[in-house]
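Visitor: What follows is data.cif; its format and atoms are mmCIF, C-alpha atoms and all ligand atoms.
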```cif
data_work
loop_
_atom_site.label_atom_id
_atom_site.label_comp_id
_atom_site.auth_asym_id
_atom_site.auth_seq_id
_atom_site.Cartn_x
_atom_site.Cartn_y
_atom_site.Cartn_z
CA MET H 34 -29.66 1.29 -12.00
CA ARG H 35 -27.32 -0.72 -9.80
CA LYS H 36 -23.70 0.16 -10.60
CA GLN H 37 -21.32 -2.67 -11.40
CA VAL H 38 -17.69 -2.70 -10.31
CA LEU H 39 -15.32 -5.22 -11.83
CA LEU H 40 -12.28 -5.94 -9.68
CA ILE H 41 -9.48 -7.81 -11.44
CA GLY H 42 -6.89 -9.15 -8.98
CA LEU H 43 -8.22 -10.20 -5.59
CA GLY H 44 -5.20 -9.70 -3.36
CA LEU H 45 -4.21 -7.37 -0.55
CA ILE H 46 -4.83 -4.11 -2.40
CA GLY H 47 -7.80 -5.23 -4.52
CA GLY H 48 -9.49 -6.76 -1.47
CA SER H 49 -8.86 -3.70 0.70
CA LEU H 50 -10.22 -1.37 -1.97
CA ALA H 51 -13.30 -3.53 -2.48
CA LEU H 52 -14.08 -3.28 1.24
CA THR H 53 -13.84 0.52 1.19
CA ILE H 54 -15.97 0.78 -1.94
CA LYS H 55 -18.68 -1.49 -0.57
CA LYS H 56 -18.83 0.49 2.65
CA GLU H 57 -19.40 3.80 0.88
CA HIS H 58 -21.43 2.45 -2.05
CA PRO H 59 -23.43 -0.43 -0.58
CA ASP H 60 -25.77 -0.57 -3.57
CA CYS H 61 -23.10 -1.39 -6.12
CA GLU H 62 -22.32 -4.94 -7.15
CA ILE H 63 -18.65 -5.90 -6.96
CA VAL H 64 -17.70 -8.69 -9.34
CA GLY H 65 -14.29 -10.23 -8.70
CA TYR H 66 -11.89 -12.02 -11.00
CA ASP H 67 -8.55 -13.57 -10.17
CA VAL H 68 -6.35 -15.77 -12.29
CA GLU H 69 -6.07 -18.04 -9.22
CA MET H 70 -9.43 -19.74 -8.62
CA GLU H 71 -8.59 -20.11 -4.93
CA ALA H 72 -8.20 -16.33 -4.49
CA GLY H 73 -11.65 -15.84 -6.01
CA LYS H 74 -13.24 -18.39 -3.70
CA LEU H 75 -11.55 -16.82 -0.69
CA ALA H 76 -12.67 -13.32 -1.66
CA LEU H 77 -16.23 -14.55 -1.99
CA SER H 78 -16.23 -16.38 1.32
CA LEU H 79 -14.78 -13.32 3.07
CA GLN H 80 -17.54 -11.22 1.42
CA VAL H 81 -14.95 -8.96 -0.15
CA VAL H 82 -16.84 -9.28 -3.46
CA ASP H 83 -20.50 -9.98 -4.22
CA ARG H 84 -19.77 -12.62 -6.83
CA ILE H 85 -16.86 -13.96 -8.84
CA THR H 86 -16.45 -14.63 -12.53
CA ASP H 87 -14.11 -16.80 -14.57
CA ASN H 88 -14.51 -14.58 -17.62
CA TYR H 89 -13.69 -10.97 -16.83
CA LEU H 90 -14.01 -9.82 -20.43
CA GLN H 91 -17.66 -10.84 -20.40
CA GLU H 92 -18.30 -8.73 -17.28
CA ALA H 93 -16.20 -5.77 -18.46
CA GLY H 94 -18.82 -4.72 -21.03
CA THR H 95 -21.47 -4.09 -18.36
CA SER H 96 -19.21 -2.53 -15.72
CA ASP H 97 -19.25 1.12 -14.66
CA LEU H 98 -15.92 0.92 -12.88
CA ILE H 99 -13.07 -1.50 -13.63
CA ILE H 100 -10.18 -1.77 -11.17
CA LEU H 101 -6.95 -3.50 -12.10
CA ALA H 102 -5.28 -4.75 -8.92
CA THR H 103 -2.85 -7.29 -10.34
CA PRO H 104 0.96 -7.07 -10.52
CA VAL H 105 1.89 -4.34 -12.99
CA GLN H 106 2.96 -6.50 -15.95
CA SER H 107 -0.39 -8.30 -15.86
CA ALA H 108 -2.17 -4.94 -15.71
CA ILE H 109 -0.60 -4.02 -19.06
CA ALA H 110 -1.82 -7.26 -20.62
CA ILE H 111 -5.32 -6.69 -19.24
CA ILE H 112 -5.45 -3.13 -20.63
CA GLU H 113 -4.57 -4.60 -24.03
CA GLU H 114 -7.43 -7.08 -23.74
CA LEU H 115 -9.89 -4.40 -22.63
CA SER H 116 -8.85 -2.25 -25.59
CA SER H 117 -10.12 -4.89 -27.97
CA ILE H 118 -13.68 -5.25 -26.62
CA ALA H 119 -16.73 -3.01 -26.36
CA LEU H 120 -16.97 -1.27 -22.99
CA LYS H 121 -19.89 0.59 -21.46
CA GLU H 122 -20.06 4.25 -22.48
CA ASN H 123 -18.37 6.42 -19.85
CA CYS H 124 -16.86 3.40 -18.12
CA LEU H 125 -14.09 4.40 -15.71
CA ILE H 126 -11.00 2.20 -15.53
CA THR H 127 -8.28 2.57 -12.96
CA ASP H 128 -5.39 0.56 -11.56
CA VAL H 129 -3.44 0.45 -8.29
CA GLY H 130 -0.02 -0.45 -9.65
CA SER H 131 3.23 0.69 -8.07
CA THR H 132 4.51 2.00 -11.41
CA LYS H 133 2.67 4.43 -13.61
CA ALA H 134 4.43 5.59 -16.80
CA THR H 135 3.93 2.49 -18.97
CA ILE H 136 0.51 1.68 -17.58
CA VAL H 137 -0.79 5.20 -18.16
CA GLN H 138 0.66 5.26 -21.67
CA LYS H 139 -1.16 1.99 -22.47
CA GLY H 140 -4.29 3.27 -20.73
CA GLU H 141 -4.53 6.16 -23.18
CA LYS H 142 -5.58 3.58 -25.75
CA LEU H 143 -8.72 3.01 -23.69
CA THR H 144 -9.43 6.71 -23.28
CA GLN H 145 -9.23 7.08 -27.04
CA LYS H 146 -12.16 4.72 -27.44
CA GLY H 147 -14.59 6.78 -25.37
CA VAL H 148 -14.00 5.33 -21.94
CA TYR H 149 -11.64 6.76 -19.32
CA PHE H 150 -8.48 5.29 -17.88
CA ILE H 151 -7.00 7.05 -14.85
CA GLY H 152 -3.87 5.62 -13.25
CA GLY H 153 -3.86 5.27 -9.48
CA HIS H 154 -1.50 4.17 -6.73
CA PRO H 155 -2.40 4.09 -3.05
CA MET H 156 0.80 4.76 -1.10
CA ALA H 157 0.02 2.28 1.60
CA GLY H 158 0.52 -1.40 1.70
CA SER H 159 2.19 -4.21 3.48
CA HIS H 160 4.69 -7.01 3.08
CA LYS H 161 1.70 -9.32 3.35
CA SER H 162 -0.17 -10.38 0.24
CA GLY H 163 -3.42 -12.07 -0.66
CA VAL H 164 -7.04 -11.28 0.06
CA THR H 165 -6.86 -12.60 3.63
CA ALA H 166 -4.63 -9.62 4.49
CA SER H 167 -7.26 -7.14 3.19
CA ASN H 168 -8.13 -4.34 5.53
CA GLU H 169 -10.62 -1.55 4.92
CA ARG H 170 -8.43 0.83 6.95
CA LEU H 171 -5.28 0.19 4.98
CA PHE H 172 -5.46 3.48 3.09
CA GLU H 173 -6.72 5.74 5.87
CA ASN H 174 -4.70 9.01 5.84
CA ALA H 175 -2.30 7.65 3.22
CA PHE H 176 -1.55 9.48 0.01
CA TYR H 177 -3.43 8.09 -2.97
CA ILE H 178 -1.65 9.16 -6.11
CA ILE H 179 -3.68 9.59 -9.27
CA THR H 180 -2.15 10.32 -12.65
CA PRO H 181 -4.70 11.87 -15.01
CA THR H 182 -3.40 13.05 -18.40
CA LYS H 183 -4.37 16.02 -20.55
CA ASN H 184 -7.09 13.82 -22.06
CA THR H 185 -8.77 13.15 -18.70
CA PRO H 186 -11.80 15.37 -17.98
CA THR H 187 -11.83 16.81 -14.46
CA SER H 188 -15.32 15.39 -13.96
CA LYS H 189 -13.88 11.89 -14.36
CA VAL H 190 -11.14 12.53 -11.80
CA ILE H 191 -13.82 13.66 -9.35
CA GLN H 192 -15.92 10.62 -10.17
CA LEU H 193 -12.98 8.34 -9.41
CA GLN H 194 -12.33 10.11 -6.11
CA ASN H 195 -15.99 9.65 -5.25
CA TRP H 196 -15.74 5.95 -5.88
CA LEU H 197 -12.65 5.83 -3.68
CA ARG H 198 -13.73 8.17 -0.88
CA GLY H 199 -14.15 5.23 1.52
CA THR H 200 -10.37 4.80 1.50
CA LYS H 201 -10.19 8.04 3.55
CA ALA H 202 -6.93 8.62 1.72
CA ARG H 203 -5.51 11.94 0.61
CA PHE H 204 -5.48 12.28 -3.15
CA MET H 205 -2.47 13.73 -4.89
CA GLU H 206 -2.08 14.23 -8.63
CA LEU H 207 1.28 13.48 -10.20
CA ASP H 208 2.73 13.18 -13.65
CA PRO H 209 3.31 9.44 -14.29
CA LYS H 210 7.04 9.86 -14.96
CA ASP H 211 7.51 11.92 -11.80
CA HIS H 212 5.58 9.25 -9.93
CA ASP H 213 7.98 6.55 -11.11
CA LYS H 214 11.03 8.65 -10.25
CA PHE H 215 9.80 9.46 -6.74
CA THR H 216 8.54 5.97 -5.89
CA GLY H 217 11.74 4.54 -7.38
CA MET H 218 13.57 6.47 -4.68
CA ILE H 219 11.33 5.95 -1.66
CA SER H 220 9.93 2.51 -2.38
CA HIS H 221 11.59 0.51 -5.15
CA LEU H 222 15.28 1.11 -4.35
CA PRO H 223 14.72 0.49 -0.60
CA HIS H 224 13.05 -2.79 -1.53
CA VAL H 225 16.05 -3.92 -3.54
CA ILE H 226 18.40 -2.92 -0.71
CA ALA H 227 16.34 -4.73 1.95
CA SER H 228 16.23 -7.90 -0.15
CA ALA H 229 19.96 -7.74 -0.89
CA LEU H 230 20.71 -7.30 2.79
CA VAL H 231 18.69 -10.39 3.70
CA GLN H 232 20.53 -12.38 1.05
CA GLN H 233 23.96 -11.24 2.20
CA THR H 234 23.01 -12.23 5.74
CA GLY H 235 21.75 -15.57 4.42
CA GLU H 236 25.12 -16.23 2.84
CA MET H 237 26.92 -15.69 6.14
CA GLY H 238 24.20 -17.69 7.90
CA LYS H 239 25.14 -20.76 5.81
CA GLU H 240 28.47 -20.88 7.62
CA HIS H 241 27.31 -19.36 10.92
CA PRO H 242 23.63 -20.20 11.56
CA VAL H 243 23.70 -18.14 14.76
CA VAL H 244 23.76 -14.94 12.69
CA SER H 245 20.08 -15.00 11.82
CA GLN H 246 19.18 -15.78 15.43
CA LEU H 247 21.01 -12.64 16.47
CA ALA H 248 18.96 -10.45 14.12
CA ALA H 249 17.35 -7.93 16.43
CA GLY H 250 15.07 -4.93 15.96
CA GLY H 251 17.32 -3.00 13.61
CA PHE H 252 17.71 -5.79 11.09
CA ARG H 253 14.04 -6.66 11.31
CA ASP H 254 12.93 -3.05 10.76
CA ILE H 255 15.11 -2.52 7.75
CA THR H 256 14.25 -5.85 6.12
CA ARG H 257 10.51 -6.27 6.87
CA ILE H 258 9.61 -5.43 3.30
CA ALA H 259 11.79 -8.23 1.92
CA SER H 260 8.94 -10.61 2.85
CA ALA H 261 6.68 -9.09 0.17
CA SER H 262 5.40 -10.81 -2.98
CA PRO H 263 8.27 -11.63 -5.40
CA SER H 264 6.01 -11.48 -8.48
CA MET H 265 4.78 -8.02 -7.55
CA TRP H 266 8.35 -6.77 -7.13
CA ARG H 267 9.69 -8.52 -10.24
CA ASP H 268 7.11 -6.63 -12.28
CA ILE H 269 7.90 -3.30 -10.61
CA LEU H 270 11.61 -3.59 -11.39
CA LEU H 271 10.92 -4.60 -14.96
CA GLN H 272 8.68 -1.59 -15.48
CA ASN H 273 10.81 0.96 -13.68
CA LYS H 274 14.06 -0.31 -15.18
CA GLN H 275 15.81 2.91 -16.24
CA ILE H 276 14.98 4.85 -13.09
CA LEU H 277 16.20 1.98 -10.93
CA LEU H 278 19.41 1.64 -12.92
CA ASP H 279 20.12 5.34 -12.36
CA LEU H 280 19.29 5.13 -8.67
CA LEU H 281 21.47 2.04 -8.23
CA LYS H 282 24.35 3.90 -9.85
CA ASP H 283 23.97 6.72 -7.31
CA TRP H 284 23.68 4.15 -4.53
CA GLU H 285 26.89 2.43 -5.62
CA GLU H 286 28.65 5.81 -5.67
CA GLY H 287 27.38 6.51 -2.15
CA MET H 288 28.64 3.13 -0.94
CA LYS H 289 32.03 3.80 -2.54
CA GLY H 290 32.23 7.05 -0.57
CA ILE H 291 31.46 5.25 2.67
CA ARG H 292 34.07 2.58 1.90
CA GLN H 293 36.65 5.31 1.45
CA ILE H 294 35.99 7.10 4.72
CA ILE H 295 36.06 3.80 6.62
CA GLU H 296 39.30 2.81 4.90
CA LYS H 297 40.81 6.17 5.82
CA GLU H 298 39.46 5.87 9.37
CA ASP H 299 38.11 9.38 8.89
CA GLY H 300 36.07 9.65 12.10
CA GLU H 301 34.90 13.16 11.34
CA ALA H 302 33.49 12.19 7.96
CA ILE H 303 31.87 9.07 9.40
CA TYR H 304 30.25 11.17 12.13
CA ALA H 305 29.04 13.71 9.56
CA PHE H 306 27.56 10.90 7.47
CA PHE H 307 25.47 9.61 10.36
CA GLU H 308 24.67 13.06 11.69
CA ASN H 309 23.29 14.17 8.34
CA ALA H 310 21.26 10.97 7.95
CA LYS H 311 19.83 11.36 11.45
CA LYS H 312 18.86 14.95 10.77
CA LEU H 313 17.12 14.06 7.51
CA ARG H 314 15.37 11.04 9.01
CA ASP H 315 14.22 12.97 12.08
CA GLU H 316 12.78 15.68 9.85
CA LEU H 317 10.60 13.27 7.87
CA PRO H 318 6.91 13.69 8.66
CA VAL H 319 5.98 10.98 11.14
CA GLY H 320 2.49 9.84 11.92
CA GLU H 321 1.09 10.01 8.43
CA LYS H 322 0.87 6.94 6.29
CA GLY H 323 2.76 7.17 3.07
CA ALA H 324 5.44 9.33 4.65
CA LEU H 325 6.67 7.43 7.65
CA MET H 326 4.20 5.12 9.21
CA PRO H 327 4.91 4.32 12.82
CA PHE H 328 5.13 0.55 12.88
CA ASN H 329 3.19 -0.23 16.04
CA ASP H 330 -0.11 1.52 15.67
CA LEU H 331 -3.40 0.52 17.19
CA TYR H 332 -6.69 2.07 16.10
CA VAL H 333 -9.41 2.31 18.70
CA ASP H 334 -13.03 3.21 18.03
CA VAL H 335 -14.15 5.63 20.70
CA PRO H 336 -17.54 7.18 21.39
CA ASP H 337 -17.72 10.96 21.21
CA HIS H 338 -17.88 11.37 24.96
CA PRO H 339 -15.99 13.71 27.31
CA GLY H 340 -13.27 11.86 29.21
CA VAL H 341 -12.89 9.07 26.70
CA ILE H 342 -9.22 9.83 26.01
CA SER H 343 -8.31 9.81 29.69
CA ASP H 344 -10.26 6.56 30.07
CA VAL H 345 -8.16 4.93 27.32
CA THR H 346 -4.85 6.31 28.59
CA GLY H 347 -5.84 5.38 32.14
CA ILE H 348 -6.38 1.75 31.17
CA LEU H 349 -2.95 1.67 29.53
CA ALA H 350 -1.28 3.40 32.48
CA GLU H 351 -2.76 0.80 34.79
CA GLU H 352 -1.09 -1.90 32.70
CA LYS H 353 2.16 0.17 32.65
CA ILE H 354 2.12 0.41 28.85
CA SER H 355 3.72 3.58 27.42
CA ILE H 356 2.26 5.33 24.42
CA THR H 357 4.71 7.04 22.07
CA ASN H 358 2.06 8.98 20.18
CA ILE H 359 -1.67 9.56 20.33
CA ARG H 360 -3.84 11.14 17.68
CA ILE H 361 -7.56 11.65 17.15
CA ILE H 362 -8.18 10.77 13.54
CA GLU H 363 -11.82 11.63 13.32
CA ALA H 364 -14.02 13.32 15.88
CA ARG H 365 -17.32 14.65 14.74
CA GLU H 366 -20.31 15.04 16.94
CA ASP H 367 -22.56 12.06 17.47
CA ILE H 368 -20.38 9.49 15.75
CA MET H 369 -17.59 7.22 16.80
CA GLY H 370 -14.14 8.73 16.55
CA VAL H 371 -10.91 6.87 16.03
CA LEU H 372 -7.87 7.13 18.24
CA ARG H 373 -4.55 6.11 16.84
CA LEU H 374 -2.15 4.96 19.52
CA SER H 375 1.51 4.31 18.73
CA PHE H 376 3.69 2.03 20.81
CA ARG H 377 7.37 1.35 21.05
CA SER H 378 7.01 -2.34 20.30
CA LYS H 379 4.63 -4.94 18.96
CA GLU H 380 4.51 -6.49 22.44
CA ASP H 381 3.24 -3.21 23.91
CA LEU H 382 0.69 -2.97 21.13
CA LEU H 383 -0.65 -6.48 21.78
CA LYS H 384 -0.83 -5.88 25.53
CA ALA H 385 -2.70 -2.62 24.93
CA LYS H 386 -5.09 -4.32 22.53
CA GLU H 387 -5.94 -6.97 25.08
CA ALA H 388 -6.38 -4.45 27.89
CA LEU H 389 -8.64 -2.18 25.83
CA GLU H 390 -10.71 -5.06 24.51
CA ASN H 391 -11.22 -6.26 28.10
CA HIS H 392 -12.80 -2.84 28.65
CA MET H 393 -15.08 -3.34 25.63
CA TYR H 394 -13.23 -1.05 23.22
CA GLU H 395 -13.07 -2.13 19.60
CA THR H 396 -9.51 -2.06 18.29
CA TYR H 397 -7.81 -2.60 14.94
CA ASP H 398 -4.22 -3.59 14.47
CA THR H 399 -2.07 -2.06 11.71
CA PRO H 400 -1.99 -4.19 8.57
N1 LIG H 501 1.45 -4.65 -1.55
C1 LIG H 501 1.62 -3.35 -1.46
O1 LIG H 501 2.19 -2.85 -0.49
C2 LIG H 501 1.11 -2.47 -2.57
C3 LIG H 501 0.80 -1.13 -2.28
C4 LIG H 501 0.29 -0.32 -3.29
C5 LIG H 501 0.13 -0.83 -4.58
N2 LIG H 501 0.46 -2.14 -4.82
C6 LIG H 501 0.23 -2.65 -6.19
O2 LIG H 501 -1.02 -3.30 -6.15
C7 LIG H 501 -1.05 -4.39 -7.06
C8 LIG H 501 -1.51 -5.64 -6.33
O3 LIG H 501 -0.65 -5.89 -5.27
P1 LIG H 501 -1.09 -6.76 -4.01
O4 LIG H 501 -0.20 -6.37 -2.90
O5 LIG H 501 -2.57 -6.70 -3.86
O6 LIG H 501 -0.66 -8.21 -4.50
P2 LIG H 501 -1.31 -9.62 -4.11
O7 LIG H 501 -0.28 -10.62 -4.49
O8 LIG H 501 -1.84 -9.59 -2.74
O9 LIG H 501 -2.55 -9.71 -5.12
C9 LIG H 501 -2.43 -9.74 -6.52
C10 LIG H 501 -3.51 -10.66 -7.05
O10 LIG H 501 -3.54 -10.54 -8.47
C11 LIG H 501 -3.75 -11.84 -9.01
N3 LIG H 501 -3.33 -11.85 -10.40
C12 LIG H 501 -2.09 -11.92 -10.90
N4 LIG H 501 -2.13 -11.89 -12.25
C13 LIG H 501 -3.43 -11.78 -12.59
C14 LIG H 501 -4.13 -11.70 -13.83
N5 LIG H 501 -3.49 -11.70 -14.98
N6 LIG H 501 -5.48 -11.61 -13.81
C15 LIG H 501 -6.15 -11.62 -12.62
N7 LIG H 501 -5.55 -11.71 -11.42
C16 LIG H 501 -4.21 -11.78 -11.41
C17 LIG H 501 -2.97 -12.74 -8.09
O11 LIG H 501 -3.41 -14.10 -8.20
C18 LIG H 501 -3.27 -12.13 -6.71
O12 LIG H 501 -4.41 -12.70 -6.12
C19 LIG H 501 0.35 -4.48 -7.66
O13 LIG H 501 0.35 -3.88 -8.92
C20 LIG H 501 1.21 -3.68 -6.70
O14 LIG H 501 2.29 -3.10 -7.39
C21 LIG H 501 0.91 -2.96 -3.85
O1 LIG H 502 5.04 -2.54 3.21
C1 LIG H 502 4.61 -1.40 3.36
O2 LIG H 502 4.44 -0.89 4.46
C2 LIG H 502 4.27 -0.57 2.19
O3 LIG H 502 3.64 0.45 2.35
C3 LIG H 502 4.68 -1.04 0.90
C4 LIG H 502 4.90 -0.06 -0.23
C5 LIG H 502 6.08 0.89 0.09
O4 LIG H 502 7.16 0.68 -0.44
O5 LIG H 502 5.88 1.85 0.81
C6 LIG H 502 5.24 -0.95 -1.34
C7 LIG H 502 4.85 -0.75 -2.60
C8 LIG H 502 3.70 0.06 -2.90
O6 LIG H 502 3.69 0.53 -4.16
C9 LIG H 502 3.36 1.02 -1.85
C10 LIG H 502 3.75 0.79 -0.58
#
```
What does the file become when written as structure tokens?
Ligand SMILES: NC(=O)c1ccc[n+]([C@@H]2O[C@H](COP(=O)([O-])OP(=O)(O)OC[C@H]3O[C@@H](n4cnc5c(N)ncnc54)[C@H](O)[C@@H]3O)[C@@H](O)[C@H]2O)c1
Ligand SMILES: O=C(O)C(=O)C[C@]1(C(=O)O)C=C[C@@H](O)C=C1

Guide:
Amino acid sequence: MRKQVLLIGLGLIGGSLALTIKKEHPDCEIVGYDVEMEAGKLALSLQVVDRITDNYLQEAGTSDLIILATPVQSAIAIIEELSSIALKENCLITDVGSTKATIVQKGEKLTQKGVYFIGGHPMAGSHKSGVTASNERLFENAFYIITPTKNTPTSKVIQLQNWLRGTKARFMELDPKDHDKFTGMISHLPHVIASALVQQTGEMGKEHPVVSQLAAGGFRDITRIASASPSMWRDILLQNKQILLDLLKDWEEGMKGIRQIIEKEDGEAIYAFFENAKKLRDELPVGEKGALMPFNDLYVDVPDHPGVISDVTGILAEEKISITNIRIIEAREDIMGVLRLSFRSKEDLLKAKEALENHMYETYDTP
């Protein structure tokens, strides 16, 4: 029997997941639903889904896998709706939301009725949103957090991982509350800070428009994420309220400390502050998504052939383009491997892309 997947929320993450699922499970039928008709039409025309529906509850009853890929507050409402209808026996339901505690708690309601809800969160994304930004490689090598509870049979966790194996992500199990604490620190608080920084700059820019023109690499790097979807981030803050309030308190304390050492012109303390930050930052694992993703990565499909790496690096050397990192992601006999090349700048990346494509290599930009 052909398996049916119902995907609710046809944006960046939903679209990217659909592509990975279709690749690994070509026989399944992916039915898409989005509250925005336009998103549904786009997803269909991009062949991200096999068909779309305007009534997801009708499709839910015949689905084997249901994926919630909407902003997290909507996911809660959808779980409520699903709890009130008959679902297929053994149906697996998962989500991709950036917060987990409340969603998983609500999801238990579904598990109690003989189906299985397992929370999920791929730790890879982008400041871009919408189905047009979908990319089947988005999750490659990233951590994919799943949050089963004591009521989740191991067989169902394995089944979910099988559905999601096309992501090529690394699965990690976490307690939902731990998840929210950790992502609060490494994702949600940084997002608030980046957005606040852009707004403070905007205020000065009202009086001195030249300020934003001066924004160079540093400002751009630290504020890239402020371009993300406001509705997605509104929902995250609302759901991770207490953890964020605690983190903001610590942040304010930290800022107070910095104020004091600047006021006192305490050069030693200022040096120690930066030295410690540099040490911690330099120690973070680089080169793996979900930890610290190098920004300017290019993926190149390469045949499993001796000399292929020197061919690629030779082409780049000829164009005088420096590579900051090179890694073979996959190299098994008789299939294409993937090289990940990191560059110092977007310009270098684009030049490399052009040069390699002129030599008939297939390349993929980072999302
Ligand atoms: N963007 C990221 O970097 C990232 C990474 C990991 C997880 N997430 C999580 O993934 C989820 C989706 O994020 P995204 O980046 O794909 O956002 P997106 O804005 O690209 O897509 C969300 C889609 O959900 C639709 N939607 C909203 N409410 C809906 C509803 N009630 N019913 C059906 N569709 C609805 C929107 O119209 C939109 O098309 C969020 O929960 C987010 O927290 C995002
Ligand atoms: O913009 C990116 O590069 C992201 O990966 C976004 C990011 C993050 O903060 O790391 C944002 C929210 C998600 O829950 C996961 C990933």

Visitor: Residues at most 9 Å from Leu193 of chain H, counting all atoms listed in the file, excluding those fewer than 4 positions away in the same chain, as a VMD selection string?

Guide: chain H and resid 98 125 to 127 151 188 to 189 197 to 198

Visitor: Name the residues, by chain letter and number, that sit within 8 Å of ligand LIG 502 (chain H) using all atoms listed in the file, and give them as a PyMOL selection string.

Guide: chain H and resi 130-132+154-161+216+219-221+223-224+257-258+261+323+326

Visitor: Counting all atoms listed in the file, what is within 12 Å of Leu383 of chain H, bar same-chain residues fewer than 5 positions away, as number ranges by chain?

Guide: H: 329-332, 349, 352, 354, 374-378, 388-390, 396-399

Visitor: Counting only C-alpha atoms and all ligand atoms, give me one row per residue of chain H with an atom at most 6 Å from an atom of ligand LIG 501 (chain H), showing the shortest contact pair and its distance in Å to one decimal, sorted by chain then residue number, as a Markdown table.

Guide:
```
| residue | atom | partner | partner_atom | distance |
| --- | --- | --- | --- | --- |
| H:Ile41 | CA | H:LIG501 | C15 | 5.2 |
| H:Gly42 | CA | H:LIG501 | O10 | 3.7 |
| H:Leu43 | CA | H:LIG501 | O12 | 4.6 |
| H:Gly44 | CA | H:LIG501 | O9 | 3.2 |
| H:Leu45 | CA | H:LIG501 | O5 | 3.8 |
| H:Ile46 | CA | H:LIG501 | O5 | 3.7 |
| H:Gly47 | CA | H:LIG501 | O5 | 5.5 |
| H:Tyr66 | CA | H:LIG501 | C15 | 6.0 |
| H:Asp67 | CA | H:LIG501 | N7 | 3.7 |
| H:Val68 | CA | H:LIG501 | C15 | 4.2 |
| H:Glu69 | CA | H:LIG501 | O11 | 4.9 |
| H:Ala72 | CA | H:LIG501 | O12 | 5.5 |
| H:Ala102 | CA | H:LIG501 | C7 | 4.6 |
| H:Thr103 | CA | H:LIG501 | O10 | 3.8 |
| H:Pro104 | CA | H:LIG501 | O13 | 3.6 |
| H:Val105 | CA | H:LIG501 | O13 | 4.4 |
| H:Ser107 | CA | H:LIG501 | N5 | 4.7 |
| H:Val129 | CA | H:LIG501 | O2 | 4.9 |
| H:Gly130 | CA | H:LIG501 | O13 | 3.5 |
| H:Ser131 | CA | H:LIG501 | O14 | 4.0 |
| H:His154 | CA | H:LIG501 | C5 | 5.7 |
| H:Pro155 | CA | H:LIG501 | C4 | 5.2 |
| H:Met156 | CA | H:LIG501 | C4 | 5.6 |
| H:Ala157 | CA | H:LIG501 | C3 | 5.2 |
| H:Gly158 | CA | H:LIG501 | O1 | 3.1 |
| H:Ser159 | CA | H:LIG501 | O1 | 4.2 |
| H:Ser162 | CA | H:LIG501 | O8 | 3.5 |
| H:Gly163 | CA | H:LIG501 | O8 | 3.6 |
| H:Ser262 | CA | H:LIG501 | O7 | 5.9 |
| H:Met265 | CA | H:LIG501 | O14 | 5.5 |
```

Visitor: Report the distance between atom CA of Ala259 of chain H and atom CA of Ala227 of chain H in Å, rounded to one decimal place.

Guide: 5.7 Å

Visitor: Atom CA of Glu308 of chain H and atom CA of Met218 of chain H, how far apart in Å?

Guide: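 These atoms are spaced 20.8 Å apart.
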
Visitor: So how many Å separate atom CA of Val190 of chain H and atom CA of Gln106 of chain H, to one decimal?

Guide: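 For atom CA of Val190 of chain H relative to atom CA of Gln106 of chain H, the distance reads 24.0 Å.
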
Visitor: Please determine, counting all atoms listed in the file, which residue among H:Glu57, H:Glu206, H:Asp83, H:Asp97 has the shortest atom-to-atom distance to Glu122 of chain H.

Guide: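 When distances to Glu122 of chain H are compared using all atoms listed in the file, the smallest one comes from H:Asp97.
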
Visitor: Can you pull out the residues contacting Tyr177 of chain H? Cut-off 8 Å, using all atoms listed in the file, and skip same-chain residues under 2 positions away; I want them as a ChimeraX atom specification.

Guide: /H:153-156,172,175,179,202-205

Visitor: Return as lines of an AutoDock Vina configuration file the centre and edge lengths, in Å with one decimal, of the box along x, y and z that encloses every atom of segment 189-205 of chain H in the file, padded by 4 Å per side.

Guide:
```
center_x = -9.2
center_y = 9.3
center_z = -5.4
size_x = 21.5
size_y = 16.9
size_z = 25.9
```

Visitor: Quick one: of H:Lys133, H:His241, H:Arg292, H:Lys121, who's nearest to Asp208 of chain H, counting all atoms listed in the file?

Guide: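 Closest to Asp208 of chain H of all the choices is H:Lys133.
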
Visitor: In file coordinates, which residues lie within 7 Å of (-12.0, 3.5, 0.2) using all atoms listed in the file, given as a ChimeraX atom specification?

Guide: /H:50,53-54,197-201

Visitor: I need the residue nearest Phe215 of chain H from this list: H:Ile276, H:Val244, H:Ala108, H:Leu230. Use only C-alpha atoms for the distance.

Guide: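 So, comparing all the options, the nearest one is H:Ile276.
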
Visitor: For a quick check of understanding, using all atoms listed in the file, which of H:Leu317, H:Gly370, H:Ala302, H:Arg267 has the smallest distance to Val333 of chain H?

Guide: H:Gly370

Visitor: For segment 86-91 of chain H, list every protein, DNA or RNA residue within 7 Å, evaluated using all atoms listed in the file, and leave out those in the same chain fewer than 2 positions away; present the list as a PyMOL selection string.

Guide: chain H and resi 64-66+84+93-94

Visitor: For C-alpha atoms, I'd like the residues from the last selection saved as a PDB file, keeping the file's coordinate frame.

Guide:
```pdb
ATOM      1  CA  VAL H  64     -17.700  -8.690  -9.340  1.00  0.00           C
ATOM      2  CA  GLY H  65     -14.290 -10.230  -8.700  1.00  0.00           C
ATOM      3  CA  TYR H  66     -11.890 -12.020 -11.000  1.00  0.00           C
ATOM      4  CA  ARG H  84     -19.770 -12.620  -6.830  1.00  0.00           C
ATOM      5  CA  ALA H  93     -16.200  -5.770 -18.460  1.00  0.00           C
ATOM      6  CA  GLY H  94     -18.820  -4.720 -21.030  1.00  0.00           C
TER       7      GLY H  94
END
```

Visitor: Which of these, H:Thr165, H:Tyr304, H:Leu281, H:Ala229, has the shortest distance to Ser78 of chain H once you count all atoms listed in the file?

Guide: H:Thr165
